[in-house]
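Structure below is input-v3.cif: mmCIF, C-alpha atoms.
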```cif
data_my_file
loop_
_atom_site.label_atom_id
_atom_site.label_comp_id
_atom_site.auth_asym_id
_atom_site.auth_seq_id
_atom_site.Cartn_x
_atom_site.Cartn_y
_atom_site.Cartn_z
CA MET V 1 116.33 103.74 120.38
CA GLU V 2 114.52 101.38 122.71
CA ALA V 3 112.14 104.21 123.61
CA LEU V 4 111.48 104.79 119.92
CA ARG V 5 110.86 101.08 119.40
CA ARG V 6 108.27 101.10 122.18
CA ALA V 7 106.76 104.24 120.72
CA ALA V 8 106.34 102.50 117.36
CA LEU V 9 104.35 99.76 119.08
CA GLU V 10 102.26 102.31 120.98
CA LEU V 11 101.48 104.12 117.75
CA GLY V 12 100.09 100.98 116.12
CA ALA V 13 102.97 98.92 114.74
CA SER V 14 102.51 95.16 115.06
CA ASP V 15 106.23 94.55 115.64
CA ALA V 16 109.28 96.75 115.99
CA GLN V 17 112.98 96.09 116.39
CA VAL V 18 116.12 98.14 116.83
CA ILE V 19 118.64 97.07 114.21
CA PRO V 20 122.19 98.21 113.47
CA VAL V 21 122.71 100.13 110.24
CA ALA V 22 124.99 97.30 109.09
CA ASP V 23 121.88 95.10 108.85
CA LEU V 24 120.15 97.38 106.36
CA ALA V 25 120.11 95.77 102.92
CA VAL V 26 120.42 98.38 100.19
CA ASP V 27 120.44 96.61 96.86
CA PRO V 28 120.87 98.14 93.38
CA ARG V 29 118.27 95.71 91.98
CA VAL V 30 115.35 96.92 94.07
CA ARG V 31 114.70 100.24 92.33
CA TRP V 32 114.86 98.52 88.96
CA LYS V 33 111.99 96.29 90.08
CA CYS V 34 109.87 99.46 90.07
CA MET V 35 110.91 100.19 86.50
CA ILE V 36 111.11 96.82 84.73
CA PRO V 37 108.34 96.32 83.92
CA LYS V 38 107.05 99.73 84.90
CA CYS V 39 104.94 99.93 88.03
CA TYR V 40 101.87 102.06 87.52
CA MET V 41 103.36 104.75 89.77
CA SER V 42 106.87 104.73 88.30
CA GLY V 43 107.67 108.22 87.06
CA ARG V 44 104.47 109.75 88.48
CA CYS V 45 105.57 110.49 92.04
CA SER V 46 108.64 112.40 93.21
CA HIS V 47 109.62 109.54 95.53
CA CYS V 48 109.14 106.73 93.01
CA PRO V 49 111.82 105.55 90.56
CA PRO V 50 113.30 106.91 88.42
CA HIS V 51 112.85 109.88 90.79
CA GLY V 52 113.70 109.88 94.49
CA PHE V 53 116.93 108.86 96.18
CA SER V 54 119.36 106.72 94.24
CA VAL V 55 120.93 103.70 95.90
CA GLU V 56 124.22 105.59 96.30
CA GLU V 57 122.48 108.54 97.95
CA VAL V 58 120.70 106.22 100.36
CA ARG V 59 123.90 104.37 101.25
CA GLU V 60 125.61 107.66 101.98
CA ALA V 61 122.68 109.00 103.99
CA VAL V 62 122.29 105.93 106.21
CA SER V 63 126.04 105.74 106.87
CA ALA V 64 125.67 108.79 109.12
CA TYR V 65 123.61 106.71 111.58
CA GLU V 66 124.33 103.73 113.78
CA GLN V 67 120.92 102.28 114.56
CA ALA V 68 117.40 102.27 113.23
CA VAL V 69 113.92 101.31 114.36
CA PHE V 70 112.45 98.86 111.87
CA PHE V 71 108.73 98.21 112.27
CA ARG V 72 105.95 96.20 110.70
CA VAL V 73 102.25 96.93 110.34
CA GLY V 74 100.30 93.72 109.80
CA VAL V 75 97.52 93.67 107.22
CA LYS V 76 94.92 90.92 106.93
CA SER V 77 95.34 88.88 103.77
CA SER V 78 91.67 89.47 102.98
CA ILE V 79 92.53 93.17 102.59
CA ILE V 80 96.00 93.25 101.06
CA ALA V 81 95.39 90.34 98.68
CA ALA V 82 91.80 91.22 97.83
CA PRO V 83 91.16 90.73 94.08
CA THR V 84 89.61 94.19 93.95
CA ILE V 85 92.93 95.80 95.00
CA ALA V 86 94.63 94.70 91.78
CA GLU V 87 91.66 95.94 89.81
CA SER V 88 91.75 99.29 91.59
CA MET V 89 95.42 99.69 90.71
CA ALA V 90 94.80 98.76 87.09
CA THR V 91 91.85 101.07 86.62
CA GLY V 92 92.66 103.85 89.08
CA VAL V 93 89.12 103.49 90.41
CA ILE V 94 88.61 102.79 94.11
CA ASP V 95 86.74 99.53 94.58
CA GLY V 96 83.23 99.46 96.03
CA GLN V 97 84.12 96.87 98.66
CA GLY V 98 86.33 99.23 100.62
CA SER V 99 89.50 97.15 100.26
CA ALA V 100 91.47 99.98 98.67
CA PHE V 101 90.39 102.44 101.37
CA ASN V 102 91.15 99.91 104.08
CA LEU V 103 94.60 99.18 102.68
CA GLY V 104 95.16 102.93 102.24
CA GLY V 105 94.44 103.32 105.94
CA HIS V 106 97.23 100.84 106.76
CA TYR V 107 99.63 102.73 104.50
CA MET V 108 98.59 105.96 106.20
CA LEU V 109 99.41 104.38 109.56
CA VAL V 110 102.94 103.59 108.35
CA PHE V 111 103.45 107.15 107.06
CA THR V 112 102.17 108.52 110.37
CA ILE V 113 104.34 106.29 112.55
CA VAL V 114 107.45 107.22 110.54
CA LYS V 115 106.81 110.94 110.96
CA LEU V 116 105.83 110.68 114.63
CA LEU V 117 108.90 108.60 115.47
CA GLY V 118 111.08 111.23 113.78
CA LYS V 119 109.38 113.94 115.79
CA ARG V 120 109.70 111.93 119.02
CA ALA V 121 113.41 111.34 118.33
CA ARG V 122 114.04 115.06 117.91
CA GLN V 123 112.15 115.77 121.13
CA MET V 124 114.44 113.27 122.84
CA GLY V 125 117.48 115.19 121.66
CA CYS V 126 118.42 113.49 118.41
CA ARG V 127 119.90 115.98 115.98
CA SER V 128 118.95 114.23 112.80
CA THR V 129 116.43 111.64 111.70
CA LEU V 130 115.66 109.88 108.47
CA GLY V 131 112.44 108.01 107.79
CA PHE V 132 111.21 105.60 105.16
CA ALA V 133 107.64 104.37 104.81
CA ALA V 134 105.82 101.88 102.56
CA GLY V 135 104.34 102.24 99.10
CA ASN V 136 103.94 105.38 97.06
CA CYS V 137 102.71 108.43 98.92
CA ARG V 138 100.66 109.69 95.99
CA ASP V 139 97.99 107.00 96.19
CA THR V 140 97.66 107.45 99.93
CA LEU V 141 97.95 111.23 100.27
CA CYS V 142 97.25 112.71 96.82
CA HIS V 143 94.97 110.21 95.15
CA VAL V 144 92.54 112.87 93.94
CA GLN V 145 95.27 115.20 92.67
CA PRO V 146 96.13 115.10 88.97
CA THR V 147 99.89 115.26 89.48
CA CYS V 148 102.58 115.13 92.13
CA GLN V 149 103.10 118.80 93.00
CA LYS V 150 106.67 118.28 94.15
CA LEU V 151 107.57 116.58 90.90
CA MET V 152 105.80 118.92 88.52
CA THR V 153 106.08 122.35 90.13
CA ARG V 154 108.41 124.37 92.34
CA ARG V 155 105.84 124.59 95.11
CA GLY V 156 106.99 121.43 96.81
CA CYS V 157 105.08 118.57 98.38
CA ARG V 158 101.43 119.05 99.37
CA HIS V 159 101.93 116.94 102.50
CA PRO V 160 105.52 117.39 103.72
CA ASN V 161 104.48 116.53 107.28
CA LEU V 162 103.19 113.12 106.25
CA SER V 163 105.01 112.08 103.11
CA SER V 164 108.15 109.95 103.17
CA PRO V 165 109.88 107.91 100.49
CA SER V 166 109.19 104.22 100.71
CA LEU V 167 111.84 101.71 101.69
CA GLU V 168 111.57 99.88 98.38
CA ALA V 169 111.66 103.05 96.25
CA SER V 170 114.86 103.94 98.08
CA GLY V 171 116.54 100.64 97.25
CA PHE V 172 116.08 98.73 100.52
CA ASP V 173 115.53 95.01 100.08
CA VAL V 174 112.86 95.22 102.74
CA PHE V 175 111.61 91.65 102.26
CA ARG V 176 115.05 90.25 103.04
CA MET V 177 115.53 92.67 105.96
CA ALA V 178 112.22 91.59 107.46
CA ALA V 179 113.00 87.90 106.97
CA ARG V 180 116.37 88.38 108.65
CA VAL V 181 114.81 89.87 111.78
CA GLY V 182 112.50 86.87 111.95
CA TRP V 183 109.25 88.23 110.55
CA ASP V 184 107.18 86.13 108.17
CA VAL V 185 107.06 87.86 104.79
CA TYR V 186 105.16 86.70 101.74
CA PRO V 187 105.38 88.15 98.24
CA ILE V 188 101.93 89.52 97.42
CA GLY V 189 101.18 90.53 93.85
CA SER V 190 98.11 90.97 91.71
CA ARG V 191 97.68 87.19 91.24
CA CYS V 192 97.90 86.46 94.94
CA ARG V 193 94.63 85.62 96.65
CA PRO V 194 93.70 85.89 100.34
CA GLU V 195 93.85 82.11 100.77
CA SER V 196 97.42 82.03 99.35
CA VAL V 197 99.04 83.84 102.29
CA PRO V 198 98.38 83.94 106.04
CA GLN V 199 98.97 87.68 106.28
CA GLY V 200 100.54 90.73 104.70
CA SER V 201 102.87 93.36 106.11
CA LEU V 202 103.84 96.96 105.48
CA PHE V 203 107.19 98.16 106.77
CA GLY V 204 108.74 101.38 107.95
CA LEU V 205 112.19 102.46 109.11
CA VAL V 206 113.38 105.42 111.15
CA LEU V 207 117.05 106.25 111.69
CA ALA V 208 118.02 108.67 114.43
CA ALA V 209 121.32 110.06 115.71
CA LEU N 210 91.62 90.71 85.91
CA LYS N 211 89.91 93.64 84.31
CA THR N 212 92.32 95.82 82.44
CA PRO N 213 91.98 99.37 81.15
CA ASP N 214 93.90 98.29 78.11
CA PRO N 215 91.46 97.24 75.37
CA ASP N 216 94.16 96.07 72.99
CA ASN N 217 96.15 94.21 75.57
CA ARG N 218 98.50 91.95 73.66
CA LEU N 219 99.41 89.58 76.47
CA PRO N 220 96.84 86.97 77.46
CA VAL N 221 95.01 87.76 80.68
CA ARG N 222 95.70 85.04 83.21
CA SER N 223 93.02 83.44 85.28
CA PRO N 224 92.94 84.69 88.86
CA ALA N 225 93.70 81.29 90.35
CA ALA N 226 95.45 81.32 93.69
CA GLU N 227 99.22 81.20 93.34
CA LEU N 228 101.58 79.06 95.34
CA VAL N 229 103.25 81.67 97.53
CA ARG N 230 106.44 80.82 99.34
CA ARG N 231 107.64 82.69 102.41
CA ILE N 232 110.73 84.86 101.87
CA SER N 233 113.79 83.20 103.39
CA PRO N 234 116.45 85.20 105.24
CA GLU N 235 119.13 83.94 102.85
CA LEU N 236 119.08 82.16 99.50
CA GLU N 237 119.08 78.41 99.90
CA PRO N 238 121.41 76.92 97.25
CA GLU N 239 119.65 73.55 96.98
CA ALA N 240 116.19 75.05 96.63
CA LEU N 241 117.52 77.59 94.15
CA SER N 242 119.06 74.85 92.06
CA ARG N 243 115.78 72.89 92.02
CA ASP N 244 113.76 75.99 91.22
CA LEU N 245 116.08 76.98 88.37
CA GLU N 246 115.61 73.62 86.72
CA ALA N 247 111.84 73.87 87.19
CA LEU N 248 111.85 77.37 85.68
CA ARG N 249 113.96 76.20 82.76
CA LYS N 250 111.44 73.46 82.05
CA LYS N 251 108.58 75.89 82.54
CA ALA N 252 110.03 78.06 79.76
CA LEU N 253 109.88 75.05 77.44
CA ASP N 254 106.33 74.26 78.54
CA LEU N 255 105.36 77.84 77.73
CA GLY N 256 106.64 77.52 74.20
CA ALA N 257 110.38 78.21 74.23
CA ARG N 258 112.49 76.29 71.71
CA GLU N 259 115.53 76.07 73.99
CA SER N 260 116.23 77.18 77.54
CA ALA N 261 119.15 77.10 79.92
CA ALA N 262 120.07 78.11 83.43
CA VAL N 263 122.81 80.76 83.42
CA GLY N 264 125.20 81.95 86.09
CA ALA N 265 126.89 85.21 87.05
CA LYS N 266 129.76 84.61 84.62
CA ASP N 267 127.31 84.14 81.76
CA ILE N 268 125.46 87.33 82.71
CA ALA N 269 128.72 89.28 82.86
CA PHE N 270 129.74 87.79 79.53
CA CYS N 271 126.71 89.03 77.65
CA LEU N 272 126.72 92.51 79.15
CA ALA N 273 127.60 94.62 76.17
CA ARG N 274 127.74 98.33 75.61
CA ARG N 275 124.35 99.89 76.34
CA PRO N 276 122.86 102.48 73.96
CA THR N 277 123.46 105.93 75.43
CA PRO N 278 120.22 107.31 76.87
CA GLY N 279 119.30 110.96 76.66
CA PRO N 280 116.35 113.25 77.43
CA GLU N 281 114.93 112.56 73.98
CA THR N 282 115.70 108.88 74.00
CA PRO N 283 113.34 107.33 71.47
CA PRO N 284 111.14 104.60 72.89
CA LEU N 285 112.78 102.02 70.66
CA VAL N 286 115.52 101.72 73.25
CA TRP N 287 113.17 101.76 76.25
CA PRO N 288 112.74 104.88 78.40
CA PHE N 289 115.90 104.55 80.42
CA ARG N 290 115.34 107.84 82.21
CA SER N 291 117.10 106.81 85.35
CA GLY N 292 120.38 108.64 85.28
CA LYS N 293 120.96 108.13 89.00
CA ASP N 294 120.80 104.33 89.01
CA SER N 295 123.13 102.02 87.20
CA LEU N 296 121.36 99.16 85.47
CA GLU N 297 124.68 97.46 84.92
CA ASP N 298 125.39 97.41 88.68
CA ALA N 299 122.00 95.84 89.21
CA LEU N 300 122.53 93.22 86.50
CA ARG N 301 125.90 92.27 87.92
CA ALA N 302 124.29 91.63 91.32
CA TYR N 303 122.36 88.63 89.97
CA ARG N 304 123.88 85.19 90.42
CA VAL N 305 121.51 83.06 88.35
CA GLY N 306 118.90 83.33 85.62
CA VAL N 307 117.00 81.49 82.92
CA PHE N 308 117.73 82.22 79.27
CA PHE N 309 115.54 80.97 76.44
CA ARG N 310 114.79 81.46 72.79
CA VAL N 311 111.66 80.92 70.79
CA GLU N 312 111.41 79.37 67.36
CA ALA N 313 111.75 81.83 64.50
CA LEU N 314 110.99 81.16 60.87
CA THR N 315 113.47 81.52 58.06
CA GLY N 316 113.26 84.92 56.43
CA ILE N 317 111.70 86.60 59.45
CA GLN N 318 112.91 90.10 60.19
CA GLY N 319 115.21 90.60 63.18
CA VAL N 320 114.50 93.43 65.58
CA GLY N 321 117.34 93.79 68.07
CA HIS N 322 116.14 96.65 70.25
CA GLY N 323 114.56 98.45 67.33
CA ARG N 324 111.01 98.80 66.11
CA VAL N 325 109.06 95.66 65.30
CA ARG N 326 107.65 96.13 61.82
CA GLU N 327 106.70 92.66 60.63
CA THR N 328 103.79 90.54 61.90
CA ARG N 329 105.84 87.37 62.28
CA SER N 330 108.53 89.24 64.21
CA GLU N 331 105.80 90.79 66.31
CA GLN N 332 104.38 87.37 67.15
CA ALA N 333 107.80 86.08 68.13
CA CYS N 334 108.42 89.13 70.34
CA ILE N 335 105.01 88.84 72.00
CA LYS N 336 105.75 85.19 72.74
CA VAL N 337 109.05 86.16 74.38
CA HIS N 338 107.27 88.84 76.44
CA GLU N 339 104.65 86.32 77.51
CA ILE N 340 107.19 83.73 78.63
CA VAL N 341 109.31 86.32 80.45
CA SER N 342 106.25 87.69 82.22
CA ARG N 343 105.11 84.24 83.35
CA LEU N 344 108.58 83.19 84.53
CA GLU N 345 109.16 86.43 86.39
CA SER N 346 105.81 86.10 88.14
CA GLU N 347 106.61 82.49 89.04
CA CYS N 348 109.96 83.58 90.51
CA PHE N 349 108.28 86.29 92.57
CA TYR N 350 105.85 83.90 94.22
CA LEU N 351 108.61 81.34 94.78
CA GLY N 352 110.32 83.92 96.98
CA TYR N 353 112.76 85.37 94.43
CA HIS N 354 111.25 88.80 94.75
CA LEU N 355 114.04 90.59 92.88
CA ALA N 356 113.59 88.55 89.69
CA LEU N 357 113.88 90.77 86.65
CA GLY N 358 113.00 89.87 83.07
CA PHE N 359 114.14 91.14 79.68
CA ALA N 360 112.36 90.31 76.47
CA ALA N 361 112.77 91.00 72.74
CA GLY N 362 111.75 93.93 70.60
CA ASP N 363 110.65 97.44 71.38
CA CYS N 364 107.63 97.47 73.70
CA GLN N 365 106.14 100.58 72.12
CA SER N 366 105.69 98.95 68.74
CA LEU N 367 104.35 95.81 70.43
CA PHE N 368 101.91 97.32 72.93
CA CYS N 369 101.51 101.02 72.10
CA ALA N 370 101.79 101.22 68.34
CA GLN N 371 98.58 103.26 68.18
CA GLU N 372 99.76 105.77 70.79
CA ARG N 373 101.45 109.06 70.04
CA GLY N 374 104.77 108.41 71.70
CA CYS N 375 105.76 106.61 74.85
CA LYS N 376 104.00 108.11 77.88
CA ALA N 377 106.60 106.71 80.26
CA ALA N 378 109.20 108.91 78.59
CA VAL N 379 107.25 112.06 79.54
CA LYS N 380 108.01 113.67 82.90
CA GLY N 381 105.19 113.14 85.38
CA LYS N 382 103.51 110.46 83.27
CA GLY N 383 103.61 106.73 83.73
CA CYS N 384 103.55 103.74 81.45
CA ILE N 385 100.02 103.09 80.21
CA ARG N 386 100.75 99.37 79.79
CA PHE N 387 102.38 99.06 83.20
CA ASN N 388 103.52 95.60 84.21
CA LYS N 389 103.61 94.57 80.53
CA GLY N 390 106.13 96.56 78.53
CA ARG N 391 109.71 95.70 79.36
CA PRO N 392 113.04 96.33 77.65
CA SER N 393 114.62 93.94 75.24
CA MET N 394 117.84 92.26 76.28
CA GLU N 395 119.71 94.44 73.81
CA ALA N 396 118.20 97.63 75.22
CA ALA N 397 119.53 96.62 78.63
CA GLY N 398 123.00 96.04 77.23
CA LEU N 399 122.72 92.26 77.24
CA ASP N 400 123.77 90.52 74.05
CA PRO N 401 121.55 87.44 73.54
CA ARG N 402 123.49 86.11 70.56
CA SER N 403 126.80 85.99 72.40
CA LEU N 404 125.09 84.28 75.33
CA ALA N 405 123.51 81.71 73.04
CA ARG N 406 126.89 81.03 71.47
CA ARG N 407 128.46 80.67 74.90
CA LEU N 408 125.81 78.08 75.73
CA LYS N 409 126.75 76.29 72.50
CA TRP N 410 123.27 76.57 71.06
CA ARG N 411 123.28 75.76 67.38
CA LEU N 412 121.99 78.96 65.85
CA PRO N 413 121.31 79.38 62.18
CA ASP N 414 122.86 82.21 60.24
CA ARG N 415 122.06 85.61 61.76
CA LYS N 416 120.69 87.01 58.50
CA ALA N 417 118.55 83.99 57.65
CA VAL N 418 116.95 83.48 61.07
CA PRO N 419 117.20 86.14 63.76
CA LEU N 420 117.31 85.30 67.45
CA PHE N 421 114.25 86.03 69.58
CA ALA N 422 115.36 85.44 73.15
CA GLY N 423 114.51 86.42 76.69
CA LEU N 424 116.32 86.39 80.00
CA VAL N 425 114.85 86.22 83.47
CA LEU N 426 117.38 87.00 86.18
CA VAL N 427 116.17 85.02 89.17
CA ALA N 428 118.33 85.91 92.18
#
```
The structure in this file should be written as structure tokens.
Amino acid sequence: MEALRRAALELGASDAQVIPVADLAVDPRVRWKCMIPKCYMSGRCSHCPPHGFSVEEVREAVSAYEQAVFFRVGVKSSIIAAPTIAESMATGVIDGQGSAFNLGGHYMLVFTIVKLLGKRARQMGCRSTLGFAAGNCRDTLCHVQPTCQKLMTRRGCRHPNLSSPSLEASGFDVFRMAARVGWDVYPIGSRCRPESVPQGSLFGLVLAA
Amino acid sequence: LKTPDPDNRLPVRSPAAELVRRISPELEPEALSRDLEALRKKALDLGARESAAVGAKDIAFCLARRPTPGPETPPLVWPFRSGKDSLEDALRAYRVGVFFRVEALTGIQGVGHGRVRETRSEQACIKVHEIVSRLESECFYLGYHLALGFAAGDCQSLFCAQERGCKAAVKGKGCIRFNKGRPSMEAAGLDPRSLARRLKWRLPDRKAVPLFAGLVLVA
């Protein structure tokens, strides 16, 4: 796991830690935060609530592992809390200042690290891996597509080698987990402004056994 | 913020910078107690008639039988299309919240979790939605990132009355008034009247003046 932690840093994570599975916080309230009030992606992506893994399924899945690599990708507050990001989400139109693309790049990095760590773990002899990324995969990987192919057809995901469910959509209280390992986490919503927070973070988790 | 929703019923808030508190590893009881009192007062400032901090026992007390959802669940009971997750388990995980009611006029029509048909009822429900939304947002930036709010009335008749059905109830579609429409307390299986009685609020007769209440579960 230490090798995987170092690999996460080499691949672009700002911080990474090996944590025992007992430290994972799976909370039944988290998925409901996606649904009450509805997030714009709720119901539109196969990984986002009410679809995706339930809290019980996640608890059962993670119980098969002993340790995980938990990592953080830092994002400048001027990007993640840019006023144009909230507008982009509300309108579905990518902003002209590049903030949405820039933030999308950070999300893409998290998706990539999760998949590469899983691959690295299997190369090292691990028999099974389980990865969770950040945010919905549809905005990052299928923004120009009209629907989520996995959700709406039998053809499956368009990007199975990149897509992973997010920690939050799978019921992990990722803010609390990050705070407990000593990382500074700030709640960033549509009313947050760059001057309100020193930085933002995106998180990923890979379990291997 | 610009919104794609031309008939947005909730006031658009100015994009002033919020006070954002760092997430703490564990809940701090003293800070929580102070924040609850501030949130309770904030509800009054925002136009609530009465407000109170509630605990886990109060939340458990007002959890009543939830309407049974189904694939054709009408929007009047909120699109609870989440068969895999138990809302009741989530509600029971909260330790504290803020409960409030807004003033209602004599003779006004009650709504429960049903359709809102009368203008005065609609205004009362919109007010509850507005207060819940503001309190929930406040909680989020104070570091209570799991805060969850329940309002009054059916969100489709409040925000999407001109639409043909609730889009969120259609597979592959999302809510077109995302971040605004939320279930009523009744639709979530929470009985506001029994909670108000437990708090010893002096409520007028149910038929004469209905209760328009909201609940924000803080942490």
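Distances from N:Ser295, N:Ser366, N:Gln371, N:Ser260 to chain V were compared using all atoms listed in the file, and the smallest one belongs to N:Ser295.
If all atoms listed in the file are the atoms counted, then among N:Ala252, N:Leu351, N:Cys375, N:Ala396 the closest residue to chain V is N:Leu351.
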- Identify, on the basis of only C-alpha atoms, every residue whose closest approach to V:Arg176 does not exceed 8 Å; exclude the query and any residue fewer than 4 positions from it along the same chain; express the result as a count of residues only. 6
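Distance annotation: of N:Ala302, N:Ala397, N:Val337, N:Ala257, the residue with the minimal separation from chain V is N:Ala302; atom set is all atoms listed in the file.
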- Item | chain N contacts on chain V, only C-alpha atoms, 6 Å, as a list in words |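 Every residue of chain V that passes the 6 Å test is in Pro28, Arg29, Ile36, Pro37, Lys38, Cys39, Tyr40, Ser42, Gly43, Arg44, Pro50, Ser54, Thr91, Arg176, Ala179, Arg180, Val185, Tyr186, Pro187, Arg191, Cys192 and Arg193 of chain V.
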- Message: Since I can't run it myself right now, could you work out what the PyMOL selection byres ((chain N and resi 394) around 8) selects here and report it as a list in words?
- Response: His322, Phe359, Ala360, Ala361, Pro392, Ser393, Glu395, Ala396, Ala397, Gly398, Leu399, Asp400, Pro401, Ala422, Gly423 and Leu424 of chain N
- Item | Atomic separation - atom CA of V:Gly74 relative to atom CA of V:Ala121, Å | 23.6 Å
- Item | Reference answer for the PyMOL selection byres ((chain N and resi 313) around 8), as a PyMOL selection string | chain N and resi 311-312+314-315+317+333+418-421
- Query: Between atom CA of V:Pro198 and atom CA of V:Val73, what is the distance, to one decimal in Å?
  - Reply: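 These atoms are spaced 14.2 Å apart.
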- Counting only C-alpha atoms, the option among V:Leu109, V:Val30, V:Ile80, V:Val144 closest to V:Glu10: V:Leu109
Mind rebuilding stretch 323-344 of chain N with N, CA and C atoms and writing that out as a short mmCIF file (atom, residue, chain, number, x, y, z; two decimals), in the coordinates of the input?
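Written file, result-v8.cif:
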```
data_model
loop_
_atom_site.label_atom_id
_atom_site.label_comp_id
_atom_site.auth_asym_id
_atom_site.auth_seq_id
_atom_site.Cartn_x
_atom_site.Cartn_y
_atom_site.Cartn_z
N GLY N 323 115.25 97.47 68.16
CA GLY N 323 114.56 98.45 67.33
C GLY N 323 113.09 98.16 67.17
N ARG N 324 112.45 98.94 66.32
CA ARG N 324 111.01 98.80 66.11
C ARG N 324 110.67 97.44 65.48
N VAL N 325 109.52 96.93 65.85
CA VAL N 325 109.06 95.66 65.30
C VAL N 325 108.09 96.01 64.18
N ARG N 326 108.45 95.67 62.95
CA ARG N 326 107.65 96.13 61.82
C ARG N 326 106.89 95.00 61.13
N GLU N 327 107.29 93.77 61.37
CA GLU N 327 106.70 92.66 60.63
C GLU N 327 105.85 91.79 61.56
N THR N 328 104.73 91.30 61.06
CA THR N 328 103.79 90.54 61.90
C THR N 328 104.44 89.31 62.52
N ARG N 329 105.24 88.59 61.74
CA ARG N 329 105.84 87.37 62.28
C ARG N 329 106.88 87.70 63.37
N SER N 330 107.59 88.80 63.16
CA SER N 330 108.53 89.24 64.21
C SER N 330 107.76 89.64 65.45
N GLU N 331 106.64 90.33 65.21
CA GLU N 331 105.80 90.79 66.31
C GLU N 331 105.31 89.60 67.14
N GLN N 332 104.87 88.56 66.44
CA GLN N 332 104.38 87.37 67.15
C GLN N 332 105.48 86.72 67.98
N ALA N 333 106.67 86.69 67.39
CA ALA N 333 107.80 86.08 68.13
C ALA N 333 108.13 86.92 69.37
N CYS N 334 108.11 88.24 69.21
CA CYS N 334 108.42 89.13 70.34
C CYS N 334 107.35 89.03 71.44
N ILE N 335 106.09 88.96 71.01
CA ILE N 335 105.01 88.84 72.00
C ILE N 335 105.16 87.54 72.78
N LYS N 336 105.55 86.49 72.07
CA LYS N 336 105.75 85.19 72.74
C LYS N 336 106.87 85.30 73.79
N VAL N 337 107.94 85.99 73.42
CA VAL N 337 109.05 86.16 74.38
C VAL N 337 108.56 86.96 75.59
N HIS N 338 107.82 88.03 75.33
CA HIS N 338 107.27 88.84 76.44
C HIS N 338 106.39 87.99 77.35
N GLU N 339 105.58 87.16 76.73
CA GLU N 339 104.65 86.32 77.51
C GLU N 339 105.41 85.35 78.41
N ILE N 340 106.42 84.70 77.84
CA ILE N 340 107.19 83.73 78.63
C ILE N 340 107.95 84.44 79.76
N VAL N 341 108.56 85.57 79.42
CA VAL N 341 109.31 86.32 80.45
C VAL N 341 108.38 86.73 81.59
N SER N 342 107.21 87.23 81.21
CA SER N 342 106.25 87.69 82.22
C SER N 342 105.83 86.54 83.14
N ARG N 343 105.54 85.39 82.55
CA ARG N 343 105.11 84.24 83.35
C ARG N 343 106.23 83.73 84.27
N LEU N 344 107.46 83.68 83.72
CA LEU N 344 108.58 83.19 84.53
C LEU N 344 108.88 84.15 85.67
#
```
